[in-house]
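The structure under discussion appears below in the form of structure tokens.
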Amino acid sequence: AVNPLYTNLGPATRFLAERFQHIPVTERSQMISMAKGIPNLINLGRGDPDLSTPPHIIAAAKKAMDEGKTHYTDWAGIPELREAIAAKLRKENGLDVDPSEVLVTVGGQEAVFLLMFSLINPGDEVIVPEPRYTPYDTAIQVAGGKMVPLITRPENEFQIIPREVEKLITPRTRALLVISPNNPTGAVMPKERLEELAEIAIRHDLIVISDEIYEKLTYDGFKHWSIGSFPGMKERTFTVNGFSKAYSMTGWRVGYVAGPREVIAAMIQLKYAVSICTSSISQEAALAAITGPQDCVIETARIYNERRLAVMQRLDQLGIPYVVPRGAFYIFPDIRKFGLTSFDFCRFILEKAQVLLFPGTAFGEAGEGFVRISLLAPVEQIHQAFDRIEKALSVL
Ligand code: PLP
């Protein structure tokens with residue numbers, strides 16, 4: 001029984017409670033709890049790199065601790081890191097960014113939350129490509145906004161089609177979200193489509209939130225572009241990025257957002273109220289990551305590519321269609337031919353093959369008929385998983 005003291009929780013908590021009763025996140029957590037205790041489980045569901053943080057980054061954190069860098073830092077982040085991030089964004093992404101326009105956050109996730117709480121007024125609409133990374137809609141809706149799904153489709157390689165964005169724009173549209181490379185589809189937006197999106201954003205006076213957390217993980221020569229670097233976009237783009245994926249640093253919790261100074265200033269105040277600052281030690285580690293040798297990132301992308309090719313080869317052998325992922329570390333194959341819902345398919349694979357996959361519906365209704373396979377297990381394990389999947393599917 002619920003203590004009557006707690007029957008009337010605040011709107012954010014209420015929203016989440018309702019949400020968790022029936023939508024995507026539950027499917028993911030249901031799969032995870034069903035997977036608990038399954039012997040010899042192979043986890044191809046995870047979004048957390050299995051690779052270790054490179055040693056020079058760990059060494060920098062240890063050094064920081066030994067040197068007593070264990071205090072609160074500036075709310076917006078240590079100046080050296082903000083400078084290094086601004087320099088990186090200028091050099092690699094063509095963004096015109098000053099350190100004062102950078103906020104270091106507790107992962108990209110905190111940046112998303114602070115952004116939505118800073119930008120959104122009740123009723124404001126944010127266009128979110130679906131299948132989608134669901135924490136965004138939590139942030140949008142808890143901030144009082146309305147999430148407007150924009151369905152991306154396999155026939156378009158899960159890319160955002162600019163004219164479809166235009167159809168969803170209303171007088172209440174405040175922002176458009178772009179996640180490229182994408183989780184869960186692996187889609188990478190080509191420059192021409194991003195330019196068209198930029199043109200639409202300018203014409204309709206929209207804000208663009210560009211999540212570039214997987215930027216370093218692209219394949220087949222596909223290049224990542226930052227929409228904020230296109231003419232007229234600086235004043236309306238917030239670029240979210242972080243260290244979790246490229247440097248295998250999920251547990252360190254460091255990300256950042258760069259954008260127009262007046263909003264960053266407001267976000268810094270909000271950040272202070274939420275968490276004061278990002279961990280001093282993790283920021284020193286992030287500084288070593290961003291200013292140190294980058295061969296670890298190239299090696300990480302090489303490893304994921306090898307795994308990607310292995311999964312693609314096995315899917316080809318099974319005759320399971322998929323859109324070739326050009327970035328991130330996921331594949332989003334189409335399992336409709338098996339006649340099961342995504343959830344039932346994943347449950348079947350979990351029970352019969354002891355392999356954990358995530359149902360596409362964990363990423364919104366548009367994910368029905370698809371599953372997300374992550375590339376976060378060694379090649380041998382991927383083959384082992386597919387040997388089992390193949391055997392399980394042979395009885396269907
Ligand atoms: N954005 C996307 C698209 C993600 O997939 C993730 C994590 O999976 C995040 C943001 C959050 O990453 P972090 O908070 O670890 O930086």
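We name chains A, B, ... following the order of the structure tokens; residues begin at 1 in each chain, and ligands are numbered from 1 as shown.
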### Message
When DSSP is applied to the backbone of this structure, which of stretch 69-125 of chain A are assigned alpha helix (DSSP H)? Write them out as a PyMOL selection string.
### Response
chain A and resi 79-93+107-119
Give me the residues near A:Tyr304 as a compact mmCIF listing (two decimals) with N, CA and C atoms, in the first residue's frame, where near means some atom within 8 Å (using only C-alpha atoms) and where sequence neighbours in that chain fewer than 5 positions away do not count.
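Full text of around.txt as output:
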```txt
# COMPACT_ATOMS: atom_id res chain seq x y z
N PHE A 329 26.55 2.54 -32.84
CA PHE A 329 26.90 1.12 -32.70
C PHE A 329 25.67 0.23 -32.55
N LEU A 375 26.32 -3.40 -31.02
CA LEU A 375 27.61 -3.98 -31.44
C LEU A 375 28.58 -4.00 -30.26
N LEU A 376 28.03 -4.19 -29.06
CA LEU A 376 28.86 -4.00 -27.88
C LEU A 376 29.27 -5.33 -27.25
```
### Query
Counting only C-alpha atoms and all ligand atoms, what residues are within 7 Å of ligand 1, given as a VMD selection string?
chain A and resid 47 106 to 110 133 179 182 to 183 211 213 241 to 244 250 253 to 255
Keeping only N, CA and C atoms, write the selected residues to a file as a PDB file, in the first residue's frame.
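Generated file (part13.pdb):
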```pdb
ATOM      1  N   GLY A  47      23.537  -0.434 -24.347  1.00  0.00           N
ATOM      2  CA  GLY A  47      23.945   0.788 -25.045  1.00  0.00           C
ATOM      3  C   GLY A  47      25.225   1.333 -24.427  1.00  0.00           C
ATOM      4  N   VAL A 106      26.666  16.673 -16.841  1.00  0.00           N
ATOM      5  CA  VAL A 106      26.758  15.288 -16.361  1.00  0.00           C
ATOM      6  C   VAL A 106      26.234  14.377 -17.484  1.00  0.00           C
ATOM      7  N   GLY A 107      27.089  14.137 -18.456  1.00  0.00           N
ATOM      8  CA  GLY A 107      26.683  13.379 -19.641  1.00  0.00           C
ATOM      9  C   GLY A 107      25.864  14.254 -20.575  1.00  0.00           C
ATOM     10  N   GLY A 108      25.718  13.783 -21.810  1.00  0.00           N
ATOM     11  CA  GLY A 108      24.859  14.486 -22.749  1.00  0.00           C
ATOM     12  C   GLY A 108      23.435  14.546 -22.210  1.00  0.00           C
ATOM     13  N   GLN A 109      23.106  13.541 -21.403  1.00  0.00           N
ATOM     14  CA  GLN A 109      21.739  13.435 -20.886  1.00  0.00           C
ATOM     15  C   GLN A 109      21.334  14.651 -20.041  1.00  0.00           C
ATOM     16  N   GLU A 110      22.240  15.125 -19.191  1.00  0.00           N
ATOM     17  CA  GLU A 110      21.905  16.304 -18.394  1.00  0.00           C
ATOM     18  C   GLU A 110      21.753  17.521 -19.315  1.00  0.00           C
ATOM     19  N   TYR A 133      15.413   8.019 -29.245  1.00  0.00           N
ATOM     20  CA  TYR A 133      16.076   7.829 -27.960  1.00  0.00           C
ATOM     21  C   TYR A 133      15.143   8.459 -26.919  1.00  0.00           C
ATOM     22  N   ILE A 179      19.365  13.740 -34.380  1.00  0.00           N
ATOM     23  CA  ILE A 179      20.358  12.867 -33.741  1.00  0.00           C
ATOM     24  C   ILE A 179      21.075  12.125 -34.865  1.00  0.00           C
ATOM     25  N   ASN A 182      22.569   8.107 -35.556  1.00  0.00           N
ATOM     26  CA  ASN A 182      21.365   7.915 -34.761  1.00  0.00           C
ATOM     27  C   ASN A 182      21.365   6.642 -33.913  1.00  0.00           C
ATOM     28  N   ASN A 183      20.796   6.786 -32.731  1.00  0.00           N
ATOM     29  CA  ASN A 183      20.428   5.662 -31.887  1.00  0.00           C
ATOM     30  C   ASN A 183      18.907   5.609 -31.946  1.00  0.00           C
ATOM     31  N   ASP A 211      22.140  16.403 -31.612  1.00  0.00           N
ATOM     32  CA  ASP A 211      22.824  15.449 -30.728  1.00  0.00           C
ATOM     33  C   ASP A 211      23.870  14.715 -31.560  1.00  0.00           C
ATOM     34  N   ILE A 213      26.473  12.850 -30.308  1.00  0.00           N
ATOM     35  CA  ILE A 213      27.223  12.024 -29.369  1.00  0.00           C
ATOM     36  C   ILE A 213      27.950  10.848 -30.041  1.00  0.00           C
ATOM     37  N   ASN A 241      27.007  16.955 -27.120  1.00  0.00           N
ATOM     38  CA  ASN A 241      27.991  15.906 -27.373  1.00  0.00           C
ATOM     39  C   ASN A 241      28.509  15.418 -26.017  1.00  0.00           C
ATOM     40  N   GLY A 242      29.429  14.476 -26.043  1.00  0.00           N
ATOM     41  CA  GLY A 242      29.929  13.966 -24.776  1.00  0.00           C
ATOM     42  C   GLY A 242      31.041  12.967 -24.989  1.00  0.00           C
ATOM     43  N   PHE A 243      31.480  12.389 -23.909  1.00  0.00           N
ATOM     44  CA  PHE A 243      32.662  11.531 -23.930  1.00  0.00           C
ATOM     45  C   PHE A 243      32.304  10.052 -23.821  1.00  0.00           C
ATOM     46  N   SER A 244      31.029   9.759 -23.525  1.00  0.00           N
ATOM     47  CA  SER A 244      30.624   8.386 -23.213  1.00  0.00           C
ATOM     48  C   SER A 244      30.937   7.393 -24.323  1.00  0.00           C
ATOM     49  N   THR A 250      31.157   5.997 -20.320  1.00  0.00           N
ATOM     50  CA  THR A 250      29.770   6.191 -19.870  1.00  0.00           C
ATOM     51  C   THR A 250      29.655   6.473 -18.371  1.00  0.00           C
ATOM     52  N   ARG A 253      30.394  10.165 -16.690  1.00  0.00           N
ATOM     53  CA  ARG A 253      29.331  11.159 -16.806  1.00  0.00           C
ATOM     54  C   ARG A 253      29.840  12.556 -17.175  1.00  0.00           C
ATOM     55  N   VAL A 254      30.384  12.662 -18.355  1.00  0.00           N
ATOM     56  CA  VAL A 254      30.742  13.992 -18.855  1.00  0.00           C
ATOM     57  C   VAL A 254      30.210  14.177 -20.274  1.00  0.00           C
ATOM     58  N   GLY A 255      29.502  15.256 -20.445  1.00  0.00           N
ATOM     59  CA  GLY A 255      29.014  15.646 -21.764  1.00  0.00           C
ATOM     60  C   GLY A 255      29.072  17.155 -21.844  1.00  0.00           C
TER      61      GLY A 255
END
```
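Here the question is which of A:Ala139, A:Ile151, A:Ala353, A:Val102 gets nearest to A:Gly367 using only C-alpha atoms, and that residue is A:Ile151.
Computed from the coordinates, the atom CA of A:Ala362 to atom CA of A:Val104 distance equals 28.7 Å.
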